[in-house]
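Asks: Handing over upload.txt, compact mmCIF, C-alpha atoms.
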# COMPACT_ATOMS: atom_id res chain seq x y z
CA VAL A 617 -0.28 71.32 6.21
CA PRO A 618 -3.73 70.64 4.71
CA ARG A 619 -6.50 69.59 7.14
CA LEU A 620 -4.34 70.41 10.17
CA VAL A 621 -6.10 69.90 13.51
CA HIS A 622 -5.05 71.23 16.91
CA ALA A 623 -4.85 69.50 20.29
CA VAL A 624 -5.08 71.33 23.62
CA LEU A 625 -4.38 69.74 26.99
CA VAL A 626 -6.63 69.95 30.02
CA GLN A 627 -4.36 69.81 33.05
CA SER A 628 -4.83 68.82 36.67
CA THR A 629 -5.09 71.64 39.17
CA VAL A 630 -4.15 69.46 42.16
CA PRO A 631 -0.86 67.69 42.92
CA ALA A 632 -2.25 64.26 43.84
CA GLY A 633 -5.55 62.42 43.77
CA ARG A 634 -7.98 60.30 41.82
CA ILE A 635 -10.33 61.55 39.12
CA THR A 636 -13.85 60.77 40.35
CA ARG A 637 -15.76 62.41 37.48
CA ILE A 638 -14.87 63.98 34.18
CA ASP A 639 -17.61 65.71 32.19
CA THR A 640 -16.82 66.28 28.52
CA HIS A 641 -20.40 66.63 27.18
CA VAL A 642 -20.39 70.42 26.76
CA ALA A 643 -16.91 70.43 25.24
CA GLN A 644 -17.72 67.57 22.85
CA ALA A 645 -20.80 69.42 21.54
CA MET A 646 -18.96 72.67 20.78
CA PRO A 647 -18.33 73.82 17.20
CA GLY A 648 -15.23 72.41 15.55
CA VAL A 649 -14.50 69.81 18.24
CA LEU A 650 -13.40 66.51 16.73
CA LEU A 651 -12.47 64.58 19.88
CA VAL A 652 -12.27 64.88 23.64
CA MET A 653 -9.98 62.17 24.98
CA THR A 654 -9.68 61.18 28.65
CA HIS A 655 -8.53 58.11 30.55
CA GLU A 656 -12.02 56.74 29.92
CA ASN A 657 -11.69 56.59 26.11
CA ALA A 658 -7.96 56.84 25.34
CA PRO A 659 -6.39 53.88 23.54
CA ARG A 660 -4.37 51.64 25.86
CA LEU A 661 -0.65 52.04 25.30
CA PRO A 662 1.24 48.90 24.27
CA ASN A 663 3.56 47.30 26.83
CA GLY A 664 1.89 49.16 29.69
CA GLY A 665 3.38 52.43 28.46
CA LYS A 666 6.92 51.11 28.23
CA PRO A 667 8.49 52.18 24.93
CA ALA A 668 10.16 49.80 22.50
CA LEU A 669 13.44 51.61 23.16
CA GLU A 670 14.83 52.58 26.55
CA PRO A 671 13.46 56.04 27.45
CA PRO A 672 15.37 58.61 29.47
CA ALA A 673 15.66 57.47 33.11
CA GLY A 674 13.51 54.37 32.39
CA ARG A 675 10.29 56.37 32.26
CA VAL A 676 6.92 54.77 31.63
CA LEU A 677 4.29 56.78 29.77
CA SER A 678 1.08 56.82 31.80
CA LEU A 679 -0.78 59.75 30.23
CA LEU A 680 -4.54 59.23 30.05
CA GLN A 681 -4.14 55.59 31.07
CA ASP A 682 -5.87 55.68 34.46
CA ASP A 683 -7.68 57.96 36.90
CA GLN A 684 -4.65 58.77 39.03
CA VAL A 685 -3.26 62.30 39.34
CA HIS A 686 0.45 62.25 40.12
CA TYR A 687 1.36 65.94 39.84
CA ASN A 688 -0.08 69.42 39.41
CA GLY A 689 -0.38 70.21 35.71
CA GLN A 690 -0.64 66.57 34.66
CA PRO A 691 -2.65 66.22 31.43
CA VAL A 692 -6.04 64.69 32.30
CA ALA A 693 -7.80 65.28 28.97
CA LEU A 694 -7.00 66.26 25.40
CA VAL A 695 -9.31 68.27 23.14
CA VAL A 696 -8.85 68.11 19.37
CA GLY A 697 -10.42 70.82 17.26
CA ASP A 698 -10.43 71.98 13.67
CA THR A 699 -8.84 75.26 14.83
CA LEU A 700 -6.67 76.15 17.79
CA GLU A 701 -9.37 78.51 19.05
CA HIS A 702 -12.07 75.82 18.94
CA ALA A 703 -9.83 73.38 20.81
CA GLN A 704 -8.91 76.00 23.44
CA ALA A 705 -12.53 77.04 24.01
CA ALA A 706 -13.67 73.43 24.41
CA ALA A 707 -10.75 72.58 26.72
CA ARG A 708 -11.97 75.31 29.08
CA MET A 709 -15.36 73.55 29.26
CA VAL A 710 -14.09 70.13 30.38
CA ARG A 711 -15.05 69.65 34.04
CA VAL A 712 -12.81 67.43 36.16
CA GLU A 713 -13.57 66.40 39.74
CA VAL A 714 -10.71 64.96 41.74
CA ALA A 715 -10.68 63.31 45.17
CA GLN A 716 -7.56 65.05 46.35
CA GLN A 717 -4.95 63.02 48.21
CA ALA A 718 -2.10 64.22 50.37
CA ALA A 719 0.79 65.35 48.20
CA ARG A 720 4.38 64.74 49.16
CA LEU A 721 5.76 68.25 49.07
CA ASP A 722 8.44 68.16 51.76
CA PHE A 723 11.77 67.14 50.25
CA GLU A 724 13.34 66.00 53.50
CA THR A 725 10.39 63.73 54.30
CA ALA A 726 10.29 62.27 50.78
CA ARG A 727 14.05 61.80 50.80
CA ALA A 728 13.67 59.00 53.36
CA ASP A 729 12.07 56.85 50.62
CA ALA A 730 14.60 57.76 47.92
CA HIS A 731 16.21 54.93 46.02
CA SER A 732 18.90 54.68 43.39
CA PRO A 733 17.64 53.86 39.90
CA GLY A 734 20.81 51.81 39.42
CA LYS A 735 21.52 52.77 35.84
CA VAL A 736 20.25 55.63 33.70
CA GLN A 737 20.56 55.13 29.94
CA GLY A 738 23.02 52.33 30.57
CA GLN A 739 25.26 54.51 32.75
CA SER A 740 25.78 54.39 36.50
CA ALA A 741 23.43 56.76 38.33
CA ASP A 742 26.15 57.48 40.93
CA THR A 743 27.81 60.76 40.06
CA MET A 744 29.75 61.29 43.30
CA ARG A 745 33.31 62.43 42.79
CA GLY A 746 35.94 63.46 45.32
CA ASP A 747 35.63 63.91 49.07
CA LEU A 748 33.41 66.89 49.89
CA ALA A 749 33.99 66.71 53.67
CA ALA A 750 37.76 66.72 53.25
CA GLY A 751 37.62 69.57 50.75
CA MET A 752 35.43 71.68 53.04
CA ALA A 753 37.73 70.98 56.01
CA GLN A 754 40.75 72.19 54.00
CA ALA A 755 39.06 75.27 52.54
CA ALA A 756 40.66 78.64 53.32
CA GLN A 757 37.21 80.29 53.30
CA ARG A 758 33.73 78.87 53.74
CA ILE A 759 30.45 80.68 53.14
CA GLU A 760 27.14 79.04 53.95
CA ALA A 761 23.99 80.49 52.41
CA VAL A 762 20.63 79.45 51.06
CA TYR A 763 19.74 80.58 47.57
CA GLY A 764 16.34 80.49 45.95
CA THR A 765 15.41 80.86 42.32
CA PRO A 766 12.01 81.55 40.81
CA MET A 767 10.31 78.94 38.67
CA GLU A 768 11.59 79.11 35.12
CA THR A 769 10.23 77.57 31.95
CA HIS A 770 12.16 76.64 28.84
CA ASN A 771 9.22 76.89 26.46
CA PRO A 772 10.59 79.92 24.58
CA MET A 773 13.61 77.78 23.70
CA GLU A 774 11.74 74.57 22.91
CA PRO A 775 8.03 74.91 22.31
CA HIS A 776 6.41 71.54 22.86
CA ALA A 777 4.74 70.96 19.53
CA THR A 778 4.64 68.19 16.99
CA ILE A 779 2.97 68.00 13.59
CA ALA A 780 2.30 64.51 12.26
CA VAL A 781 1.57 64.19 8.54
CA TRP A 782 0.39 60.94 6.99
CA GLU A 783 0.93 60.50 3.26
CA GLY A 784 -0.29 57.01 2.43
CA ASP A 785 1.76 54.63 4.58
CA SER A 786 4.45 57.24 5.21
CA LEU A 787 4.47 59.32 8.40
CA THR A 788 6.50 62.54 8.68
CA LEU A 789 6.90 64.18 12.10
CA TYR A 790 7.83 67.82 12.46
CA ASP A 791 9.02 68.00 16.06
CA SER A 792 10.64 70.68 18.18
CA THR A 793 13.22 68.92 20.30
CA GLN A 794 16.79 69.07 21.53
CA TYR A 795 16.93 65.26 21.45
CA VAL A 796 16.91 64.83 17.68
CA SER A 797 18.70 61.46 17.50
CA GLY A 798 16.65 59.99 20.35
CA VAL A 799 13.34 61.16 18.87
CA ARG A 800 14.25 59.70 15.49
CA ARG A 801 15.27 56.38 17.09
CA THR A 802 12.11 56.24 19.20
In structure tokens, write the structure found in this file.
Replies:
Amino acid sequence: VPRLVHAVLVQSTVPAGRITRIDTHVAQAMPGVLLVMTHENAPRLPNGGKPALEPPAGRVLSLLQDDQVHYNGQPVALVVGDTLEHAQAAARMVRVEVAQQAARLDFETARADAHSPGKVQGQSADTMRGDLAAGMAQAAQRIEAVYGTPMETHNPMEPHATIAVWEGDSLTLYDSTQYVSGVRRT
């Protein structure tokens, strides 16, 4: 694609907090950098981040909309460069200071505040079927164990990348997704 530019995310390194300072001056002055976007200069999303169509699980897009950090790895800045290398180098130079807050990391403690979303994509969120207690009581054998799995990532299967090409008033998106119909509708 002619005149292709590259965007690289700067991600939070803490699980919860508030951004108290974000310094983009060095990154912005680097060769090939076209834009450094943060919550301080990002366009406000329409409808408070709620999409025109119902998103999966009723999500609201909050990226770069405020100074709150909700999870480790949350995008807190975006660097756009004329090459991928320029964008990556500048992203490494963005300095973010966060007033860290206590993160809720214990599942059992957080579970006390759990609530049902009611419906998810128009369907009931309740997926209970059968009677587990009765089935366990009738089982000929029962094995109790705790299993752990390492963190896995699906990126090799679905790299998160999109190319947007404007040709006059026409926009073509080249997107890597498993949700083809939903992306087209959105």
Asks: Find the residues around Ala643 (chain A) up to 7 Å (only C-alpha atoms counted), leave out those fewer than 3 positions away in its own chain, and share them as a short mmCIF file (atom, residue, chain, number, x, y, z; two decimals) with C-alpha atoms, keeping the file's coordinate frame.
Replies:
data_model
loop_
_atom_site.label_atom_id
_atom_site.label_comp_id
_atom_site.auth_asym_id
_atom_site.auth_seq_id
_atom_site.Cartn_x
_atom_site.Cartn_y
_atom_site.Cartn_z
CA THR A 640 -16.82 66.28 28.52
CA MET A 646 -18.96 72.67 20.78
CA ALA A 706 -13.67 73.43 24.41
CA ALA A 707 -10.75 72.58 26.72
CA MET A 709 -15.36 73.55 29.26
CA VAL A 710 -14.09 70.13 30.38
#
Asks: Which residue gives the smallest distance to Ala777 (chain A) among A:Gly764, A:Gln754, A:Ser792, A:Leu679, with all atoms listed in the file counted?
Replies: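 Going through A:Gly764, A:Gln754, A:Ser792, A:Leu679 one by one, the smallest distance to Ala777 (chain A) is for A:Ser792.
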Asks: Pick out the residues sitting within 12 Å of region 691-693 of chain A, and hand them over as an mmCIF file with C-alpha atoms, in the coordinates of the input; count only C-alpha atoms, and ignore anything fewer than 4 positions along from it in its own chain.
Replies:
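Wrote selection-v2.cif, looks like this:
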data_model
loop_
_atom_site.group_PDB
_atom_site.id
_atom_site.type_symbol
_atom_site.label_atom_id
_atom_site.label_comp_id
_atom_site.auth_asym_id
_atom_site.auth_seq_id
_atom_site.Cartn_x
_atom_site.Cartn_y
_atom_site.Cartn_z
ATOM 1 C CA ALA A 623 -4.850 69.500 20.290
ATOM 2 C CA VAL A 624 -5.080 71.330 23.620
ATOM 3 C CA LEU A 625 -4.380 69.740 26.990
ATOM 4 C CA VAL A 626 -6.630 69.950 30.020
ATOM 5 C CA GLN A 627 -4.360 69.810 33.050
ATOM 6 C CA SER A 628 -4.830 68.820 36.670
ATOM 7 C CA THR A 629 -5.090 71.640 39.170
ATOM 8 C CA VAL A 630 -4.150 69.460 42.160
ATOM 9 C CA PRO A 631 -0.860 67.690 42.920
ATOM 10 C CA GLY A 633 -5.550 62.420 43.770
ATOM 11 C CA ARG A 634 -7.980 60.300 41.820
ATOM 12 C CA ILE A 635 -10.330 61.550 39.120
ATOM 13 C CA THR A 636 -13.850 60.770 40.350
ATOM 14 C CA ARG A 637 -15.760 62.410 37.480
ATOM 15 C CA ILE A 638 -14.870 63.980 34.180
ATOM 16 C CA ASP A 639 -17.610 65.710 32.190
ATOM 17 C CA THR A 640 -16.820 66.280 28.520
ATOM 18 C CA ALA A 643 -16.910 70.430 25.240
ATOM 19 C CA GLN A 644 -17.720 67.570 22.850
ATOM 20 C CA LEU A 651 -12.470 64.580 19.880
ATOM 21 C CA VAL A 652 -12.270 64.880 23.640
ATOM 22 C CA MET A 653 -9.980 62.170 24.980
ATOM 23 C CA THR A 654 -9.680 61.180 28.650
ATOM 24 C CA HIS A 655 -8.530 58.110 30.550
ATOM 25 C CA GLU A 656 -12.020 56.740 29.920
ATOM 26 C CA ASN A 657 -11.690 56.590 26.110
ATOM 27 C CA ALA A 658 -7.960 56.840 25.340
ATOM 28 C CA LEU A 677 4.290 56.780 29.770
ATOM 29 C CA SER A 678 1.080 56.820 31.800
ATOM 30 C CA LEU A 679 -0.780 59.750 30.230
ATOM 31 C CA LEU A 680 -4.540 59.230 30.050
ATOM 32 C CA GLN A 681 -4.140 55.590 31.070
ATOM 33 C CA ASP A 682 -5.870 55.680 34.460
ATOM 34 C CA ASP A 683 -7.680 57.960 36.900
ATOM 35 C CA GLN A 684 -4.650 58.770 39.030
ATOM 36 C CA VAL A 685 -3.260 62.300 39.340
ATOM 37 C CA HIS A 686 0.450 62.250 40.120
ATOM 38 C CA TYR A 687 1.360 65.940 39.840
ATOM 39 C CA ALA A 703 -9.830 73.380 20.810
ATOM 40 C CA ALA A 706 -13.670 73.430 24.410
ATOM 41 C CA ALA A 707 -10.750 72.580 26.720
ATOM 42 C CA ARG A 708 -11.970 75.310 29.080
ATOM 43 C CA MET A 709 -15.360 73.550 29.260
ATOM 44 C CA VAL A 710 -14.090 70.130 30.380
ATOM 45 C CA ARG A 711 -15.050 69.650 34.040
ATOM 46 C CA VAL A 712 -12.810 67.430 36.160
ATOM 47 C CA GLU A 713 -13.570 66.400 39.740
ATOM 48 C CA VAL A 714 -10.710 64.960 41.740
#
Asks: Record the distance separating CA of Val781 (chain A) and CA of Gln794 (chain A), expressed in Å with one decimal.
Replies: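 For CA of Val781 (chain A) relative to CA of Gln794 (chain A), the distance reads 20.6 Å.
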Asks: Which residue out of A:Gly734, A:Gly689, A:Pro659, A:Pro647 has the minimum interatomic distance to His702 (chain A) when all atoms listed in the file are used?
Replies: A:Pro647
Asks: What does the structure give for the distance between CA of Thr788 (chain A) and CA of Arg800 (chain A), in Å to one decimal?
Replies: 10.7 Å
Asks: So how far away is CA of Glu768 (chain A) from CA of Leu700 (chain A), in Å?
Replies: 25.3 Å
Asks: Using only C-alpha atoms, determine which residues lie at most 9 Å from Leu620 (chain A), disregarding the query and same-chain residues fewer than 6 positions distant; provide the list as a PyMOL selection string.
Replies: chain A and resi 698-699+779+781
Asks: Applying 12 Å and all atoms listed in the file, which residues near region 741-749 of chain A remain after dropping the ones on its own chain fewer than 4 positions away? List them as JSON, numbers by chain.
Replies: {"A": [673, 674, 731, 732, 733, 734, 735, 736, 737, 753, 754, 755]}
Asks: Name the closest residue to Gln704 (chain A) among the candidates A:His776, A:Asp791, A:His622, A:Val799; distances are taken between atoms, counting only C-alpha atoms.
Replies: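 Going through A:His776, A:Asp791, A:His622, A:Val799 one by one, the smallest distance to Gln704 (chain A) is for A:His622.
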